[in-house]
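The structure appears right after this line, and notes come after that.
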Amino acid sequence: AEGIVLALMGCAVGLALAYGGLRLLVSANPANLPRIDQVGIDGRVLVFTLLLSLVTGVLFSMIPALQSLRAGATTQLKESSRGSTTGPRRARAQGLLVTAEVALALVLLIGATLLIQSFRQLTRVDLGINPTGLLSMQISLPKVKYPDRDQQALFYQQVLDRVRALPGIDSAAVADSLPMQGSTRAPFGIEGEGPQSWMDQPIVWMRTVSPDYFRTVQATLLKGQEFDPHQAPNAPFTALINDSLARQYFAGRDPIGRRLLVGPYKMTVVGVVHDIQQLGLDKEKTPEYFVCSQQNIKGLLMPVMRLIVRTSLPAAKAAGAVRREVLAIDPEQPVADVITLEQIAADTVTGRRMTMALLTGFSAVALILCALGIYGLVAHSVSTRRQEIGLRMALGAQRNQVLSIVARQGLSWVVVGLGIGLAAAVALSFFLSRLLSTLTFSVSPRDPAYYLATLIALGAVAGLACYLPARRAARLDPAITLRAEV
């Protein structure tokens, strides 16, 4: 009955914490979790939690109860007599629970440490652009109203001219896709090298951009020049390539002036730009080339483009001003999907951030339970050994000796738990290496530095949990203790 009451009290506290944590999760509104607004604690969750608490209370109360029945009345009276220490069976059971808590806490903390370090590495990834101050919106031109490429190009040029004249707008450009959101994949070849038929050529990323694109996103030009904004539509076709494509297909050679085969067209490479992240922050950068939207490439329609502006204004104010300029050109043309590049970068790691946050939360709970368990074990030992401690001090034991004796009892179980937890974590890193590699980025799940750091941190917390009640035991007054036990 006592065990069930304690379990139900823990159930109530746990539900309150779960409710608060769930509200915090929903308020964060992670973009990659569908129907997050419908997640909640309903009747099924309450019934399940209640049943689990009852089973836990009964199970963990029956174990010591059965031990008591098996031990016999005489043994129980001896172990529970006034002034005696905790019986060996009870002490061993308590120690095993503490060992299990330490082992589980260490496994969770190592996992959380790996994910936190992985997330830190993600935030340091070079995007190839400066997302600060970049605002984007989508413009979809209806084919009925803008049936050919010349009309589409004229519309976008008018929009760019008007937007660039707005106060607070530093630059503007259009592109068929945004960084970190992929782009078109198209065949690619080099004149005089490899397959000359576009059907046999490798497929790489291709992005259609206006001449001011690289200046707007602040991409770094490594070699050559950017697109000429005054280039005539019927001038010879030009292209820029990224650093990955230059390294892979022009290793040790200068790509400037070489001609690319893009379907039936030949495009002269005029520049090389630093790699821009095509997909998420955790994705590898791959070869990509850029074609100019101003060039009259037959069949390259631009019905859907992304308008990108660099602004010093707040995003909402800048978006409103840009929308008004678009409507001034065509009152029926909508502007959709307004978003900042900083938000896109954050969205690409939402899943990893959520996994890290959840595992960190579970690890924090495990660490708290571990510290409380160790503290409770040593504190209970002190309360049951008061007469023994007072007698030792009366016979000449020093305070530091008492401190060492009491703390050693808890630390012995902690050391065993740390050893088991470390072995379990290492074993999991081998058996779940493929899964862990998908959860971590630029971090080795088997790096001993993270294991050692976590081991030291948990050991310090456990040592503090042992030290506090041990210090209280060392401060006992033997005269008062022995008088109280008479």
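Identifiers for the structure tokens are assigned positionally: chains receive A, B, ... in sequence, residues are indexed from 1 per chain, and ligands are indexed from 1 in the order shown.
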Subject >> 8 Å contact set for A:Asn242, only C-alpha atoms, chain neighbours under 6 positions out, as a PyMOL selection string >> reply: chain A and resi 272-276+287-289
Subject >> Nearby residues (only C-alpha atoms) at most 10 Å from A:Phe362, same-chain spacing under 3 positions excluded, as a list in words >> reply: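 Within the cut-off, the hits are Ala105, Leu108, Leu109, Ala112, Met356, Ala357, Leu358, Leu359, Val365, Ala366, Leu367 and Ile368 of chain A.
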**OP:** For stretch 340-342 of chain A, work out the shell of residues within 9 Å, counting only C-alpha atoms and skipping chain neighbours fewer than 5 positions away, then give it as a list in words.
**Re:** Asn130, Pro131, Thr132, Gly133, Leu134, Leu135, Ser136, Met137, Leu178, Pro179, Met180, Ala315 and Asp347 of chain A
**OP:** Might you pull out every residue within 7 Å of A:Ile129, with only C-alpha atoms counted and same-chain residues fewer than 5 positions away left off, and present them as a ChimeraX atom specification?
**Re:** /A:217-219,276
Original post:
Between A:Gly280, A:Val262, A:Pro202, A:Cys292, which one has atoms that come closest to A:Ala235, using only C-alpha atoms?
Top reply: A:Cys292
**OP:** Skip A:Leu436 itself and residues of its chain fewer than 5 positions away, then list as a list in words all residues within 10 Å of it, counting only C-alpha atoms.
**Re:**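 Residues near the query, excluding close chain neighbours: Gly111, Leu114, Leu115, Leu428, Ser429, Phe430, Phe431, Phe441, Val443, Ser444, Pro445 and Arg446 of chain A.
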Write the residues of the selection above to a file with N, CA and C atoms, as a PDB file, in the first residue's frame.
```
ATOM      1  N   GLY A 111      24.992   9.613 -25.156  1.00  0.00           N
ATOM      2  CA  GLY A 111      24.213   9.884 -26.366  1.00  0.00           C
ATOM      3  C   GLY A 111      23.895  11.359 -26.513  1.00  0.00           C
ATOM      4  N   LEU A 114      27.028  13.323 -27.573  1.00  0.00           N
ATOM      5  CA  LEU A 114      27.329  13.160 -29.005  1.00  0.00           C
ATOM      6  C   LEU A 114      26.401  14.017 -29.861  1.00  0.00           C
ATOM      7  N   LEU A 115      25.110  14.052 -29.514  1.00  0.00           N
ATOM      8  CA  LEU A 115      24.165  14.834 -30.306  1.00  0.00           C
ATOM      9  C   LEU A 115      24.396  16.334 -30.136  1.00  0.00           C
ATOM     10  N   LEU A 428      26.879  -0.487 -27.619  1.00  0.00           N
ATOM     11  CA  LEU A 428      25.849   0.105 -28.467  1.00  0.00           C
ATOM     12  C   LEU A 428      26.462   0.858 -29.638  1.00  0.00           C
ATOM     13  N   SER A 429      27.605   1.505 -29.412  1.00  0.00           N
ATOM     14  CA  SER A 429      28.240   2.248 -30.502  1.00  0.00           C
ATOM     15  C   SER A 429      28.684   1.332 -31.624  1.00  0.00           C
ATOM     16  N   PHE A 430      28.966   0.056 -31.306  1.00  0.00           N
ATOM     17  CA  PHE A 430      29.366  -0.904 -32.339  1.00  0.00           C
ATOM     18  C   PHE A 430      28.136  -1.535 -32.994  1.00  0.00           C
ATOM     19  N   PHE A 431      27.157  -1.943 -32.187  1.00  0.00           N
ATOM     20  CA  PHE A 431      25.991  -2.622 -32.735  1.00  0.00           C
ATOM     21  C   PHE A 431      25.062  -1.664 -33.475  1.00  0.00           C
ATOM     22  N   PHE A 441      26.775  14.218 -36.865  1.00  0.00           N
ATOM     23  CA  PHE A 441      27.378  14.911 -37.999  1.00  0.00           C
ATOM     24  C   PHE A 441      28.768  15.375 -37.607  1.00  0.00           C
ATOM     25  N   VAL A 443      30.975  13.894 -36.151  1.00  0.00           N
ATOM     26  CA  VAL A 443      31.330  13.423 -34.816  1.00  0.00           C
ATOM     27  C   VAL A 443      31.386  11.900 -34.862  1.00  0.00           C
ATOM     28  N   SER A 444      32.467  11.321 -34.382  1.00  0.00           N
ATOM     29  CA  SER A 444      32.584   9.871 -34.348  1.00  0.00           C
ATOM     30  C   SER A 444      31.899   9.326 -33.101  1.00  0.00           C
ATOM     31  N   PRO A 445      30.920   8.411 -33.262  1.00  0.00           N
ATOM     32  CA  PRO A 445      30.253   7.850 -32.088  1.00  0.00           C
ATOM     33  C   PRO A 445      31.186   7.057 -31.184  1.00  0.00           C
ATOM     34  N   ARG A 446      32.412   6.798 -31.652  1.00  0.00           N
ATOM     35  CA  ARG A 446      33.358   6.016 -30.857  1.00  0.00           C
ATOM     36  C   ARG A 446      34.534   6.852 -30.377  1.00  0.00           C
TER      37      ARG A 446
END
```
Original post:
So which one's closest to A:Leu464, A:Ile41, A:Val125, A:Ala371, A:Ile405? Using only C-alpha atoms, please.
Top reply: A:Ala371
**OP:** Write down as number ranges by chain the residues belonging to stretch 198-392 of chain A that are assigned strand (DSSP E) by DSSP computed on the backbone.
**Re:** A: 203-209, 221-224, 238-242, 259-262, 265-273, 288-292, 304-311, 336-340
Emit the selected residues as a compact mmCIF listing (two decimals), in the first residue's frame, including N, CA and C atoms.
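Printed below is out.txt as written:
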```txt
# COMPACT_ATOMS: atom_id res chain seq x y z
N ILE A 203 24.59 13.51 -64.32
CA ILE A 203 23.55 14.45 -63.90
C ILE A 203 24.07 15.20 -62.67
N VAL A 204 24.07 16.52 -62.73
CA VAL A 204 24.51 17.34 -61.60
C VAL A 204 23.47 18.45 -61.37
N TRP A 205 23.67 19.19 -60.28
CA TRP A 205 22.77 20.29 -59.97
C TRP A 205 22.95 21.44 -60.97
N MET A 206 21.84 22.05 -61.37
CA MET A 206 21.88 23.24 -62.22
C MET A 206 20.92 24.27 -61.65
N ARG A 207 21.39 25.52 -61.56
CA ARG A 207 20.56 26.58 -61.00
C ARG A 207 20.53 27.75 -61.97
N THR A 208 19.33 28.23 -62.28
CA THR A 208 19.15 29.40 -63.13
C THR A 208 19.05 30.63 -62.26
N VAL A 209 19.93 31.60 -62.47
CA VAL A 209 19.99 32.77 -61.60
C VAL A 209 20.15 34.02 -62.44
N LEU A 221 33.32 34.65 -55.01
CA LEU A 221 33.84 34.33 -56.33
C LEU A 221 35.32 33.96 -56.18
N LEU A 222 35.66 32.72 -56.52
CA LEU A 222 37.03 32.24 -56.37
C LEU A 222 37.91 32.56 -57.56
N LYS A 223 37.32 32.59 -58.72
CA LYS A 223 38.11 32.79 -59.94
C LYS A 223 37.21 33.30 -61.05
N GLY A 224 37.74 34.12 -61.93
CA GLY A 224 36.99 34.59 -63.08
C GLY A 224 36.08 35.75 -62.74
N THR A 238 27.06 31.58 -71.36
CA THR A 238 28.11 31.48 -70.34
C THR A 238 27.57 30.74 -69.13
N ALA A 239 28.47 30.26 -68.30
CA ALA A 239 28.09 29.52 -67.09
C ALA A 239 29.14 29.75 -66.02
N LEU A 240 28.72 29.62 -64.78
CA LEU A 240 29.62 29.58 -63.64
C LEU A 240 29.53 28.20 -63.02
N ILE A 241 30.60 27.74 -62.43
CA ILE A 241 30.60 26.44 -61.78
C ILE A 241 31.03 26.62 -60.32
N ASN A 242 30.66 25.66 -59.49
CA ASN A 242 31.08 25.76 -58.09
C ASN A 242 32.41 25.05 -57.90
N ARG A 259 34.44 24.92 -72.28
CA ARG A 259 33.03 24.94 -72.65
C ARG A 259 32.32 23.71 -72.11
N LEU A 260 31.16 23.98 -71.49
CA LEU A 260 30.32 22.91 -70.97
C LEU A 260 29.28 22.52 -71.99
N LEU A 261 28.91 21.26 -71.97
CA LEU A 261 27.82 20.76 -72.81
C LEU A 261 26.59 20.59 -71.95
N VAL A 262 25.62 21.43 -72.17
CA VAL A 262 24.37 21.39 -71.41
C VAL A 262 23.26 21.10 -72.42
N TYR A 265 23.32 22.75 -75.91
CA TYR A 265 24.00 24.05 -75.83
C TYR A 265 25.43 23.89 -75.34
N LYS A 266 26.27 24.84 -75.77
CA LYS A 266 27.64 24.94 -75.30
C LYS A 266 27.80 26.25 -74.55
N MET A 267 28.27 26.14 -73.29
CA MET A 267 28.39 27.32 -72.44
C MET A 267 29.82 27.49 -71.97
N THR A 268 30.34 28.67 -72.13
CA THR A 268 31.71 28.96 -71.73
C THR A 268 31.77 29.27 -70.23
N VAL A 269 32.68 28.61 -69.54
CA VAL A 269 32.85 28.85 -68.10
C VAL A 269 33.57 30.18 -67.91
N VAL A 270 32.91 31.10 -67.20
CA VAL A 270 33.52 32.43 -66.98
C VAL A 270 33.94 32.64 -65.53
N GLY A 271 33.53 31.75 -64.61
CA GLY A 271 33.89 31.95 -63.21
C GLY A 271 33.67 30.70 -62.37
N VAL A 272 34.34 30.69 -61.23
CA VAL A 272 34.20 29.61 -60.25
C VAL A 272 33.82 30.25 -58.92
N VAL A 273 32.73 29.76 -58.29
CA VAL A 273 32.26 30.31 -57.01
C VAL A 273 32.43 29.26 -55.92
N GLU A 288 27.87 21.63 -59.03
CA GLU A 288 26.74 22.45 -59.46
C GLU A 288 27.23 23.49 -60.45
N TYR A 289 26.41 23.80 -61.44
CA TYR A 289 26.73 24.90 -62.34
C TYR A 289 25.53 25.83 -62.45
N PHE A 290 25.82 27.07 -62.84
CA PHE A 290 24.82 28.13 -62.87
C PHE A 290 24.70 28.67 -64.29
N VAL A 291 23.45 28.89 -64.72
CA VAL A 291 23.20 29.52 -66.02
C VAL A 291 22.47 30.83 -65.77
N CYS A 292 22.63 31.76 -66.70
CA CYS A 292 22.08 33.10 -66.52
C CYS A 292 20.65 33.16 -67.03
N VAL A 304 8.00 29.82 -62.53
CA VAL A 304 8.08 29.89 -61.07
C VAL A 304 9.52 30.25 -60.69
N MET A 305 9.69 31.38 -60.06
CA MET A 305 11.02 31.83 -59.64
C MET A 305 10.96 32.33 -58.20
N ARG A 306 12.12 32.36 -57.57
CA ARG A 306 12.23 32.89 -56.22
C ARG A 306 12.88 34.27 -56.29
N LEU A 307 12.19 35.25 -55.75
CA LEU A 307 12.75 36.59 -55.65
C LEU A 307 13.53 36.67 -54.33
N ILE A 308 14.79 37.06 -54.40
CA ILE A 308 15.67 37.11 -53.23
C ILE A 308 16.14 38.54 -53.07
N VAL A 309 15.94 39.10 -51.89
CA VAL A 309 16.36 40.47 -51.62
C VAL A 309 17.22 40.49 -50.36
N ARG A 310 18.23 41.33 -50.39
CA ARG A 310 19.03 41.58 -49.18
C ARG A 310 18.61 42.92 -48.64
N THR A 311 18.16 42.92 -47.39
CA THR A 311 17.56 44.12 -46.83
C THR A 311 18.03 44.34 -45.40
N ALA A 336 3.92 34.50 -52.80
CA ALA A 336 3.68 33.46 -51.80
C ALA A 336 4.98 33.01 -51.15
N ASP A 337 4.82 32.21 -50.10
CA ASP A 337 5.94 31.54 -49.43
C ASP A 337 7.05 32.53 -49.06
N VAL A 338 6.69 33.56 -48.30
CA VAL A 338 7.68 34.53 -47.83
C VAL A 338 8.46 33.92 -46.67
N ILE A 339 9.77 33.89 -46.79
CA ILE A 339 10.59 33.25 -45.77
C ILE A 339 11.99 33.83 -45.81
N THR A 340 12.66 33.85 -44.68
CA THR A 340 14.04 34.31 -44.62
C THR A 340 14.98 33.12 -44.82
```
**OP:** Write out as a list in words which residues come within 8 Å of A:Val159 when counting only C-alpha atoms, dropping same-chain ones fewer than 3 positions away.
**Re:**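 Surrounding residues, per the criterion: Phe155, Tyr156, Arg162, Val163, Glu325, Val326 and Ile329 of chain A.
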Using the selection just defined, write its residues with N, CA, C and O atoms as a CSV table (one decimal), in the first residue's frame.
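Result file is out_35.csv:
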```
chain,number,residue,atom,x,y,z
A,155,PHE,N,8.9,40.5,-67.1
A,155,PHE,CA,8.2,40.7,-65.8
A,155,PHE,C,9.2,40.7,-64.7
A,155,PHE,O,9.2,41.6,-63.8
A,156,TYR,N,10.1,39.7,-64.6
A,156,TYR,CA,11.1,39.6,-63.6
A,156,TYR,C,12.0,40.8,-63.6
A,156,TYR,O,12.4,41.3,-62.5
A,162,ARG,N,12.2,47.7,-59.9
A,162,ARG,CA,11.4,48.4,-58.9
A,162,ARG,C,11.9,48.1,-57.4
A,162,ARG,O,11.9,49.0,-56.6
A,163,VAL,N,12.2,46.8,-57.2
A,163,VAL,CA,12.5,46.4,-55.8
A,163,VAL,C,13.9,47.0,-55.4
A,163,VAL,O,14.1,47.5,-54.3
A,325,GLU,N,5.2,46.4,-54.8
A,325,GLU,CA,5.9,46.7,-56.1
A,325,GLU,C,5.5,45.6,-57.2
A,325,GLU,O,5.3,46.0,-58.3
A,326,VAL,N,5.3,44.4,-56.7
A,326,VAL,CA,4.8,43.4,-57.7
A,326,VAL,C,3.4,43.6,-58.1
A,326,VAL,O,3.1,43.5,-59.3
A,329,ILE,N,3.0,46.2,-60.8
A,329,ILE,CA,3.3,45.8,-62.2
A,329,ILE,C,2.1,44.9,-62.7
A,329,ILE,O,1.6,45.1,-63.8
```
**OP:** Just the residues within 12 Å of A:Thr438, please, counting only C-alpha atoms, with nothing from its chain fewer than 4 positions along; format it as a ChimeraX atom specification.
**Re:** /A:115,118,282-283,351-352,355,432-434,442-445
Original post:
By how many Å are atom CA of A:Ala100 and atom CA of A:Leu69 apart?
Top reply: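 Between atom CA of A:Ala100 and atom CA of A:Leu69 the gap works out to 25.0 Å.
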Subject >> DSSP helix (DSSP H, G or I) residues within stretch 27-210 of chain A, listed as an NGL selection string >> reply: :A and (27-28 or 36-38 or 43-71 or 73-79 or 88-123 or 149-164)
**OP:** Go through A:Val98, A:Ala186, A:Leu439, A:Leu127 and flag the residue nearest A:Val415, using only C-alpha atoms for the distances.
**Re:**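 Result for the nearest residue to A:Val415: A:Val98.
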